[in-house]
$ cat model15.txt   # compact mmCIF, N, CA and C atoms
# COMPACT_ATOMS: atom_id res chain seq x y z
N MET A 47 267.05 200.62 -107.62
CA MET A 47 265.64 200.45 -107.35
C MET A 47 264.88 201.54 -108.09
N ALA A 48 263.90 201.18 -108.85
CA ALA A 48 263.11 202.13 -109.62
C ALA A 48 262.12 202.84 -108.71
N SER A 49 261.96 204.13 -108.93
CA SER A 49 260.98 204.87 -108.12
C SER A 49 259.65 204.90 -108.87
N PHE A 50 258.61 205.22 -108.15
CA PHE A 50 257.30 205.33 -108.77
C PHE A 50 256.56 206.48 -108.13
N ASP A 51 255.60 207.00 -108.87
CA ASP A 51 254.81 208.12 -108.37
C ASP A 51 253.86 207.63 -107.29
N ILE A 52 253.76 208.39 -106.22
CA ILE A 52 252.83 208.06 -105.14
C ILE A 52 251.43 208.48 -105.55
N ASP A 53 250.50 207.56 -105.45
CA ASP A 53 249.10 207.82 -105.77
C ASP A 53 248.44 208.38 -104.52
N GLY A 54 248.34 209.71 -104.43
CA GLY A 54 247.76 210.38 -103.27
C GLY A 54 246.34 209.94 -102.97
N ASP A 55 245.55 209.73 -104.02
CA ASP A 55 244.17 209.29 -103.81
C ASP A 55 244.14 207.90 -103.15
N LEU A 56 245.03 207.01 -103.57
CA LEU A 56 245.09 205.68 -102.97
C LEU A 56 245.49 205.77 -101.50
N VAL A 57 246.48 206.60 -101.21
CA VAL A 57 246.93 206.76 -99.82
C VAL A 57 245.77 207.29 -98.97
N ARG A 58 245.01 208.27 -99.48
CA ARG A 58 243.87 208.81 -98.74
C ARG A 58 242.80 207.74 -98.53
N LYS A 59 242.55 206.92 -99.56
CA LYS A 59 241.56 205.84 -99.43
C LYS A 59 242.01 204.83 -98.38
N LEU A 60 243.30 204.49 -98.38
CA LEU A 60 243.81 203.55 -97.38
C LEU A 60 243.70 204.14 -95.97
N ALA A 61 244.01 205.42 -95.84
CA ALA A 61 243.90 206.09 -94.54
C ALA A 61 242.44 206.10 -94.07
N ASP A 62 241.51 206.37 -94.99
CA ASP A 62 240.08 206.34 -94.64
C ASP A 62 239.68 204.94 -94.20
N LEU A 63 240.19 203.92 -94.88
CA LEU A 63 239.89 202.54 -94.53
C LEU A 63 240.41 202.21 -93.13
N LEU A 64 241.59 202.74 -92.77
CA LEU A 64 242.12 202.55 -91.42
C LEU A 64 241.17 203.13 -90.38
N ARG A 65 240.70 204.35 -90.65
CA ARG A 65 239.78 204.99 -89.70
C ARG A 65 238.47 204.22 -89.59
N GLU A 66 237.93 203.79 -90.71
CA GLU A 66 236.64 203.09 -90.71
C GLU A 66 236.72 201.75 -89.99
N THR A 67 237.81 201.02 -90.17
CA THR A 67 237.92 199.68 -89.60
C THR A 67 238.55 199.66 -88.22
N GLY A 68 239.22 200.74 -87.85
CA GLY A 68 239.89 200.77 -86.56
C GLY A 68 241.25 200.08 -86.59
N LEU A 69 241.71 199.68 -87.76
CA LEU A 69 243.02 199.04 -87.87
C LEU A 69 244.11 200.07 -87.68
N SER A 70 245.32 199.61 -87.35
CA SER A 70 246.42 200.54 -87.18
C SER A 70 247.40 200.50 -88.34
N GLU A 71 247.22 199.52 -89.25
CA GLU A 71 248.16 199.39 -90.36
C GLU A 71 247.47 198.70 -91.53
N ILE A 72 247.81 199.14 -92.74
CA ILE A 72 247.29 198.49 -93.94
C ILE A 72 248.36 198.61 -95.02
N GLU A 73 248.47 197.58 -95.84
CA GLU A 73 249.46 197.58 -96.91
C GLU A 73 248.77 197.19 -98.21
N PHE A 74 249.13 197.89 -99.28
CA PHE A 74 248.60 197.62 -100.61
C PHE A 74 249.78 197.30 -101.50
N ALA A 75 249.68 196.20 -102.24
CA ALA A 75 250.77 195.81 -103.14
C ALA A 75 250.21 195.55 -104.53
N GLU A 76 250.96 196.02 -105.51
CA GLU A 76 250.60 195.77 -106.90
C GLU A 76 251.92 195.59 -107.64
N GLY A 77 252.21 194.34 -108.01
CA GLY A 77 253.50 194.05 -108.64
C GLY A 77 254.61 194.31 -107.64
N GLU A 78 255.58 195.11 -108.03
CA GLU A 78 256.70 195.43 -107.16
C GLU A 78 256.44 196.66 -106.29
N LYS A 79 255.33 197.33 -106.52
CA LYS A 79 255.00 198.54 -105.77
C LYS A 79 254.24 198.18 -104.51
N ARG A 80 254.64 198.79 -103.38
CA ARG A 80 253.97 198.56 -102.10
C ARG A 80 253.76 199.90 -101.41
N ILE A 81 252.57 200.05 -100.86
CA ILE A 81 252.27 201.25 -100.07
C ILE A 81 251.74 200.76 -98.73
N ARG A 82 252.37 201.20 -97.64
CA ARG A 82 251.94 200.84 -96.29
C ARG A 82 251.55 202.12 -95.56
N VAL A 83 250.37 202.10 -94.97
CA VAL A 83 249.88 203.25 -94.22
C VAL A 83 249.65 202.77 -92.79
N THR A 84 250.23 203.49 -91.82
CA THR A 84 250.06 203.12 -90.41
C THR A 84 249.65 204.34 -89.61
N ARG A 85 249.04 204.05 -88.47
CA ARG A 85 248.68 205.13 -87.56
C ARG A 85 248.64 204.57 -86.15
N PRO A 86 248.96 205.38 -85.14
CA PRO A 86 248.82 204.90 -83.76
C PRO A 86 247.34 204.82 -83.41
N THR A 87 246.99 203.89 -82.57
CA THR A 87 245.60 203.75 -82.16
C THR A 87 245.43 204.20 -80.73
N ALA A 88 244.20 204.52 -80.37
CA ALA A 88 243.90 204.91 -79.00
C ALA A 88 244.16 203.74 -78.05
N ALA A 89 243.92 202.52 -78.51
CA ALA A 89 244.14 201.34 -77.68
C ALA A 89 245.61 201.22 -77.30
N GLN A 90 246.52 201.54 -78.22
CA GLN A 90 247.94 201.48 -77.92
C GLN A 90 248.29 202.51 -76.85
N THR A 91 247.73 203.70 -76.96
CA THR A 91 247.98 204.75 -75.98
C THR A 91 247.44 204.34 -74.62
N VAL A 92 246.24 203.80 -74.58
CA VAL A 92 245.64 203.38 -73.32
C VAL A 92 246.45 202.26 -72.69
N ALA A 93 246.90 201.30 -73.51
CA ALA A 93 247.67 200.19 -72.99
C ALA A 93 248.97 200.67 -72.34
N VAL A 94 249.61 201.66 -72.94
CA VAL A 94 250.84 202.19 -72.39
C VAL A 94 250.56 202.89 -71.07
N GLN A 95 249.47 203.62 -70.98
CA GLN A 95 249.12 204.31 -69.75
C GLN A 95 248.67 203.33 -68.68
N ALA A 96 247.99 202.26 -69.06
CA ALA A 96 247.48 201.30 -68.09
C ALA A 96 248.57 200.39 -67.56
N ALA A 97 249.64 200.17 -68.30
CA ALA A 97 250.67 199.23 -67.89
C ALA A 97 251.28 199.57 -66.54
N PRO A 98 251.64 200.83 -66.24
CA PRO A 98 252.21 201.11 -64.92
C PRO A 98 251.24 200.79 -63.79
N VAL A 99 249.95 201.03 -63.99
CA VAL A 99 248.97 200.74 -62.95
C VAL A 99 248.92 199.24 -62.69
N LEU A 100 248.92 198.42 -63.74
CA LEU A 100 248.90 196.98 -63.58
C LEU A 100 250.18 196.49 -62.91
N ALA A 101 251.30 197.05 -63.28
CA ALA A 101 252.57 196.62 -62.72
C ALA A 101 252.66 196.98 -61.24
N ALA A 102 252.01 198.06 -60.82
CA ALA A 102 252.06 198.48 -59.44
C ALA A 102 251.19 197.61 -58.54
N ALA A 103 250.16 197.01 -59.09
CA ALA A 103 249.28 196.17 -58.29
C ALA A 103 249.94 194.82 -58.04
N PRO A 104 250.03 194.37 -56.77
CA PRO A 104 250.72 193.11 -56.48
C PRO A 104 250.09 191.91 -57.19
N ILE A 105 248.78 191.86 -57.31
CA ILE A 105 248.12 190.72 -57.93
C ILE A 105 248.35 190.73 -59.44
N ALA A 106 248.42 191.89 -60.06
CA ALA A 106 248.56 191.99 -61.50
C ALA A 106 250.01 191.83 -61.97
N ALA A 107 250.97 191.82 -61.09
CA ALA A 107 252.38 191.75 -61.50
C ALA A 107 252.67 190.51 -62.35
N PRO A 108 252.21 189.30 -61.99
CA PRO A 108 252.48 188.16 -62.86
C PRO A 108 251.83 188.31 -64.22
N ALA A 109 250.64 188.90 -64.29
CA ALA A 109 249.96 189.09 -65.56
C ALA A 109 250.73 190.08 -66.43
N ALA A 110 251.33 191.09 -65.82
CA ALA A 110 252.09 192.07 -66.60
C ALA A 110 253.33 191.43 -67.20
N ALA A 111 253.89 190.43 -66.55
CA ALA A 111 255.08 189.75 -67.07
C ALA A 111 254.73 188.75 -68.15
N ALA A 112 253.51 188.24 -68.14
CA ALA A 112 253.11 187.20 -69.09
C ALA A 112 253.22 187.61 -70.55
N PRO A 113 252.83 188.86 -70.95
CA PRO A 113 252.92 189.20 -72.36
C PRO A 113 254.35 189.12 -72.92
N GLY A 114 255.38 189.36 -72.08
CA GLY A 114 256.76 189.29 -72.56
C GLY A 114 257.18 187.86 -72.84
N ARG A 115 256.63 186.91 -72.12
CA ARG A 115 257.01 185.50 -72.27
C ARG A 115 256.66 184.96 -73.65
N PRO A 116 255.42 185.11 -74.13
CA PRO A 116 255.10 184.51 -75.43
C PRO A 116 255.93 185.07 -76.58
N ALA A 117 256.21 186.34 -76.58
CA ALA A 117 256.94 186.94 -77.70
C ALA A 117 258.36 186.40 -77.79
N SER A 118 258.96 186.09 -76.65
CA SER A 118 260.34 185.61 -76.66
C SER A 118 260.42 184.09 -76.74
N HIS A 119 259.30 183.41 -76.67
CA HIS A 119 259.29 181.94 -76.72
C HIS A 119 259.74 181.48 -78.11
N PRO A 120 260.62 180.48 -78.19
CA PRO A 120 261.09 180.01 -79.50
C PRO A 120 259.99 179.37 -80.35
N GLY A 121 258.90 178.95 -79.74
CA GLY A 121 257.80 178.35 -80.49
C GLY A 121 256.66 179.30 -80.77
N ALA A 122 256.89 180.61 -80.55
CA ALA A 122 255.84 181.60 -80.78
C ALA A 122 255.51 181.69 -82.27
N VAL A 123 254.23 181.60 -82.60
CA VAL A 123 253.77 181.77 -83.98
C VAL A 123 253.12 183.15 -84.04
N THR A 124 253.67 184.04 -84.88
CA THR A 124 253.18 185.40 -84.94
C THR A 124 252.33 185.64 -86.18
N SER A 125 251.51 186.66 -86.09
CA SER A 125 250.63 187.01 -87.21
C SER A 125 251.44 187.65 -88.34
N PRO A 126 251.28 187.16 -89.55
CA PRO A 126 252.01 187.75 -90.68
C PRO A 126 251.30 188.97 -91.25
N MET A 127 250.15 189.35 -90.66
CA MET A 127 249.37 190.45 -91.22
C MET A 127 248.41 191.01 -90.18
N VAL A 128 247.83 192.14 -90.50
CA VAL A 128 246.77 192.73 -89.71
C VAL A 128 245.46 192.15 -90.20
N GLY A 129 244.58 191.77 -89.30
CA GLY A 129 243.30 191.22 -89.71
C GLY A 129 242.51 190.69 -88.54
N THR A 130 241.60 189.77 -88.82
CA THR A 130 240.77 189.14 -87.80
C THR A 130 241.09 187.65 -87.78
N ALA A 131 241.45 187.14 -86.60
CA ALA A 131 241.81 185.73 -86.45
C ALA A 131 240.56 184.89 -86.23
N TYR A 132 240.49 183.79 -86.93
CA TYR A 132 239.41 182.82 -86.74
C TYR A 132 240.04 181.48 -86.40
N LEU A 133 239.56 180.86 -85.33
CA LEU A 133 240.12 179.61 -84.86
C LEU A 133 239.50 178.39 -85.51
N ALA A 134 238.37 178.58 -86.22
CA ALA A 134 237.68 177.48 -86.89
C ALA A 134 237.33 177.90 -88.31
N ALA A 135 237.04 176.92 -89.15
CA ALA A 135 236.72 177.20 -90.55
C ALA A 135 235.37 177.89 -90.71
N GLU A 136 234.47 177.73 -89.73
CA GLU A 136 233.16 178.36 -89.79
C GLU A 136 232.72 178.72 -88.38
N PRO A 137 231.83 179.69 -88.23
CA PRO A 137 231.37 180.08 -86.89
C PRO A 137 230.79 178.87 -86.16
N GLY A 138 231.24 178.66 -84.94
CA GLY A 138 230.75 177.55 -84.13
C GLY A 138 231.36 176.21 -84.49
N GLY A 139 232.24 176.18 -85.48
CA GLY A 139 232.87 174.94 -85.91
C GLY A 139 233.97 174.48 -84.97
N THR A 140 234.49 173.31 -85.23
CA THR A 140 235.59 172.77 -84.44
C THR A 140 236.85 173.57 -84.72
N PRO A 141 237.55 174.01 -83.66
CA PRO A 141 238.79 174.76 -83.87
C PRO A 141 239.83 173.93 -84.63
N PHE A 142 240.66 174.62 -85.40
CA PHE A 142 241.74 173.94 -86.12
C PHE A 142 242.67 173.24 -85.13
N VAL A 143 243.02 173.95 -84.04
CA VAL A 143 243.89 173.38 -83.00
C VAL A 143 243.42 173.86 -81.63
N ARG A 144 243.77 173.06 -80.64
CA ARG A 144 243.50 173.40 -79.23
C ARG A 144 244.79 173.13 -78.46
N PRO A 145 244.94 173.73 -77.27
CA PRO A 145 246.11 173.40 -76.46
C PRO A 145 246.18 171.89 -76.23
N GLY A 146 247.37 171.35 -76.39
CA GLY A 146 247.58 169.91 -76.24
C GLY A 146 247.59 169.15 -77.55
N ASP A 147 247.06 169.74 -78.62
CA ASP A 147 247.05 169.08 -79.93
C ASP A 147 248.46 169.01 -80.49
N VAL A 148 248.75 167.92 -81.17
CA VAL A 148 250.03 167.77 -81.87
C VAL A 148 249.80 168.21 -83.31
N VAL A 149 250.68 169.12 -83.80
CA VAL A 149 250.55 169.63 -85.16
C VAL A 149 251.79 169.28 -85.96
N LYS A 150 251.62 169.25 -87.27
CA LYS A 150 252.72 169.01 -88.20
C LYS A 150 253.07 170.34 -88.87
N ALA A 151 254.29 170.48 -89.32
CA ALA A 151 254.70 171.66 -90.07
C ALA A 151 253.82 171.77 -91.31
N GLY A 152 253.28 172.96 -91.55
CA GLY A 152 252.44 173.19 -92.72
C GLY A 152 250.96 172.98 -92.47
N GLN A 153 250.60 172.47 -91.30
CA GLN A 153 249.19 172.25 -90.97
C GLN A 153 248.52 173.59 -90.67
N THR A 154 247.28 173.79 -91.15
CA THR A 154 246.55 175.02 -90.87
C THR A 154 246.19 175.07 -89.39
N ILE A 155 246.57 176.18 -88.73
CA ILE A 155 246.31 176.31 -87.30
C ILE A 155 245.24 177.37 -87.01
N MET A 156 245.00 178.25 -87.98
CA MET A 156 243.92 179.24 -87.88
C MET A 156 243.84 179.99 -89.20
N ILE A 157 242.87 180.90 -89.29
CA ILE A 157 242.69 181.72 -90.49
C ILE A 157 242.72 183.18 -90.05
N ILE A 158 243.34 184.02 -90.86
CA ILE A 158 243.27 185.46 -90.62
C ILE A 158 242.60 186.09 -91.83
N GLU A 159 241.52 186.79 -91.57
CA GLU A 159 240.81 187.51 -92.63
C GLU A 159 241.40 188.90 -92.73
N ALA A 160 241.82 189.26 -93.92
CA ALA A 160 242.36 190.60 -94.17
C ALA A 160 241.78 191.08 -95.49
N MET A 161 241.07 192.18 -95.44
CA MET A 161 240.45 192.78 -96.63
C MET A 161 239.58 191.76 -97.38
N LYS A 162 238.74 191.06 -96.62
CA LYS A 162 237.76 190.09 -97.16
C LYS A 162 238.41 188.83 -97.75
N VAL A 163 239.70 188.63 -97.51
CA VAL A 163 240.39 187.43 -97.98
C VAL A 163 240.74 186.57 -96.77
N MET A 164 240.38 185.28 -96.85
CA MET A 164 240.69 184.34 -95.77
C MET A 164 242.07 183.74 -96.03
N ASN A 165 243.01 184.01 -95.13
CA ASN A 165 244.40 183.56 -95.28
C ASN A 165 244.69 182.46 -94.26
N PRO A 166 244.94 181.23 -94.72
CA PRO A 166 245.26 180.17 -93.77
C PRO A 166 246.64 180.43 -93.15
N ILE A 167 246.72 180.25 -91.84
CA ILE A 167 247.99 180.39 -91.14
C ILE A 167 248.48 178.97 -90.85
N LYS A 168 249.66 178.66 -91.33
CA LYS A 168 250.22 177.31 -91.23
C LYS A 168 251.22 177.23 -90.08
N ALA A 169 251.30 176.05 -89.48
CA ALA A 169 252.29 175.82 -88.43
C ALA A 169 253.68 175.86 -89.06
N PRO A 170 254.58 176.69 -88.54
CA PRO A 170 255.92 176.76 -89.12
C PRO A 170 256.77 175.52 -88.82
N ARG A 171 256.37 174.77 -87.79
CA ARG A 171 257.09 173.56 -87.42
C ARG A 171 256.14 172.63 -86.68
N GLY A 172 256.52 171.39 -86.56
CA GLY A 172 255.72 170.43 -85.83
C GLY A 172 255.93 170.57 -84.33
N GLY A 173 254.99 170.05 -83.57
CA GLY A 173 255.11 170.09 -82.12
C GLY A 173 253.74 170.02 -81.47
N THR A 174 253.70 170.38 -80.20
CA THR A 174 252.47 170.37 -79.42
C THR A 174 252.03 171.80 -79.16
N VAL A 175 250.76 172.09 -79.40
CA VAL A 175 250.23 173.42 -79.12
C VAL A 175 250.17 173.60 -77.61
N ALA A 176 250.99 174.51 -77.09
CA ALA A 176 251.04 174.75 -75.65
C ALA A 176 249.98 175.75 -75.22
N GLU A 177 249.74 176.75 -76.07
CA GLU A 177 248.86 177.84 -75.67
C GLU A 177 248.32 178.53 -76.91
N VAL A 178 247.03 178.84 -76.92
CA VAL A 178 246.43 179.67 -77.97
C VAL A 178 246.17 181.02 -77.32
N LEU A 179 246.79 182.07 -77.84
CA LEU A 179 246.77 183.37 -77.19
C LEU A 179 245.74 184.34 -77.76
N VAL A 180 244.99 183.93 -78.76
CA VAL A 180 243.94 184.78 -79.33
C VAL A 180 242.62 184.05 -79.24
N SER A 181 241.55 184.80 -79.27
CA SER A 181 240.23 184.19 -79.26
C SER A 181 239.62 184.29 -80.66
N ASP A 182 238.57 183.55 -80.88
CA ASP A 182 237.92 183.53 -82.18
C ASP A 182 237.36 184.91 -82.51
N ALA A 183 237.56 185.35 -83.74
CA ALA A 183 237.08 186.63 -84.27
C ALA A 183 237.77 187.83 -83.61
N GLN A 184 238.96 187.62 -83.08
CA GLN A 184 239.71 188.70 -82.44
C GLN A 184 240.55 189.44 -83.48
N PRO A 185 240.54 190.77 -83.47
CA PRO A 185 241.45 191.52 -84.34
C PRO A 185 242.90 191.28 -83.89
N VAL A 186 243.79 191.11 -84.85
CA VAL A 186 245.20 190.91 -84.55
C VAL A 186 246.05 191.88 -85.35
N GLU A 187 247.21 192.19 -84.82
CA GLU A 187 248.16 193.09 -85.46
C GLU A 187 249.30 192.28 -86.06
N PHE A 188 250.02 192.87 -86.99
CA PHE A 188 251.21 192.25 -87.56
C PHE A 188 252.20 191.97 -86.43
N GLY A 189 252.73 190.77 -86.38
CA GLY A 189 253.74 190.42 -85.38
C GLY A 189 253.17 189.98 -84.03
N GLU A 190 251.87 190.06 -83.84
CA GLU A 190 251.26 189.65 -82.58
C GLU A 190 251.37 188.12 -82.45
N VAL A 191 251.70 187.66 -81.24
CA VAL A 191 251.82 186.22 -81.00
C VAL A 191 250.43 185.60 -80.97
N LEU A 192 250.22 184.60 -81.84
CA LEU A 192 248.93 183.93 -81.97
C LEU A 192 248.85 182.70 -81.07
N LEU A 193 249.90 181.90 -81.11
CA LEU A 193 249.95 180.70 -80.28
C LEU A 193 251.38 180.25 -80.09
N ILE A 194 251.55 179.27 -79.19
CA ILE A 194 252.88 178.73 -78.89
C ILE A 194 252.89 177.25 -79.25
N ILE A 195 253.88 176.83 -80.02
CA ILE A 195 254.09 175.42 -80.34
C ILE A 195 255.40 174.99 -79.67
N GLU A 196 255.30 173.96 -78.85
CA GLU A 196 256.51 173.46 -78.17
C GLU A 196 256.95 172.16 -78.78
$ encode --input "model15.txt" --output "structure tokens"
Amino acid sequence: MASFDIDGDLVRKLADLLRETGLSEIEFAEGEKRIRVTRPTAAQTVAVQAAPVLAAAPIAAPAAAAPGRPASHPGAVTSPMVGTAYLAAEPGGTPFVRPGDVVKAGQTIMIIEAMKVMNPIKAPRGGTVAEVLVSDAQPVEFGEVLLIIE
């Protein structure tokens, strides 16, 4: 594997972009070269601290178990990137899919905007949309479960 010189200015610019946008991860690719910059967010820290409180509350216990279910579901569709999820092609438009809709493999199920580029997210397989786990214009992280196809 060939090595390449790290562009310190680019890394600093990417880190500044993370701070400005509130994202926790960004990746830049040019040819075979890739630079990924990540940072922990305050939201991640708060979520970790809040989890024990939710788990201790009797009413919140089922809700605390729910996030584990979608990630392990065989029909979980995860985000391939960090960005903003859009459920429709335009603001106020008809959503690409809703719970109960039957989708085909390769059908667009939502869009994720990353660095001003609209990236269509395709259904990896056919089936019925059981659950949409993100809302329109919601920031999403790499690997976050977007929806469930059964």
$ residues_around --input "model15.txt" --residues "A:Pro170" --least-positions-apart "3" --cutoff "7 Å" --atoms "only N, CA and C atoms" --output "PDB file with N, CA and C atoms, in the frame of the given file"
ATOM      1  N   VAL A 123     254.230 181.600 -82.600  1.00  0.00           N
ATOM      2  CA  VAL A 123     253.770 181.770 -83.980  1.00  0.00           C
ATOM      3  C   VAL A 123     253.120 183.150 -84.040  1.00  0.00           C
ATOM      4  N   LYS A 150     251.620 169.250 -87.270  1.00  0.00           N
ATOM      5  CA  LYS A 150     252.720 169.010 -88.200  1.00  0.00           C
ATOM      6  C   LYS A 150     253.070 170.340 -88.870  1.00  0.00           C
ATOM      7  N   ALA A 151     254.290 170.480 -89.320  1.00  0.00           N
ATOM      8  CA  ALA A 151     254.700 171.660 -90.070  1.00  0.00           C
ATOM      9  C   ALA A 151     253.820 171.770 -91.310  1.00  0.00           C
ATOM     10  N   GLY A 152     253.280 172.960 -91.550  1.00  0.00           N
ATOM     11  CA  GLY A 152     252.440 173.190 -92.720  1.00  0.00           C
ATOM     12  C   GLY A 152     250.960 172.980 -92.470  1.00  0.00           C
ATOM     13  N   GLN A 153     250.600 172.470 -91.300  1.00  0.00           N
ATOM     14  CA  GLN A 153     249.190 172.250 -90.970  1.00  0.00           C
ATOM     15  C   GLN A 153     248.520 173.590 -90.670  1.00  0.00           C
ATOM     16  N   ILE A 167     246.720 180.250 -91.840  1.00  0.00           N
ATOM     17  CA  ILE A 167     247.990 180.390 -91.140  1.00  0.00           C
ATOM     18  C   ILE A 167     248.480 178.970 -90.850  1.00  0.00           C
TER      19      ILE A 167
END
$ atom_distance --input "model15.txt" --atom1 "atom N of A:Asp182" --atom2 "atom C of A:Ala160"
16.7 Å
$ closest_residue --input "model15.txt" --among "A:Val178, A:Lys79, A:Val128, A:Met164" --to "A:Phe142" --atoms "only C-alpha atoms"
A:Val178
$ atom_distance --input "model15.txt" --atom1 "atom CA of A:Val57" --atom2 "atom CA of A:Val191"
28.3 Å
$ atom_distance --input "model15.txt" --atom1 "atom CA of A:Gly129" --atom2 "atom CA of A:Asp53"
23.8 Å
$ closest_residue --input "model15.txt" --among "A:Thr130, A:Thr84, A:Ser118, A:Thr124" --to "A:Val186" --atoms "only N, CA and C atoms"
A:Thr130
$ closest_residue --input "model15.txt" --among "A:Leu133, A:Gly139, A:Ile81, A:Arg144" --to "A:Met156" --atoms "all atoms listed in the file"
A:Leu133
$ residues_near_point --input "model15.txt" --point "(249.9, 187.2, -88.1)" --cutoff "6.5 Å" --atoms "all atoms listed in the file" --output "list of chain:residue names"
A:Thr124, A:Ser125, A:Pro126, A:Met127, A:Val128, A:Glu187, A:Phe188, A:Gly189, A:Glu190
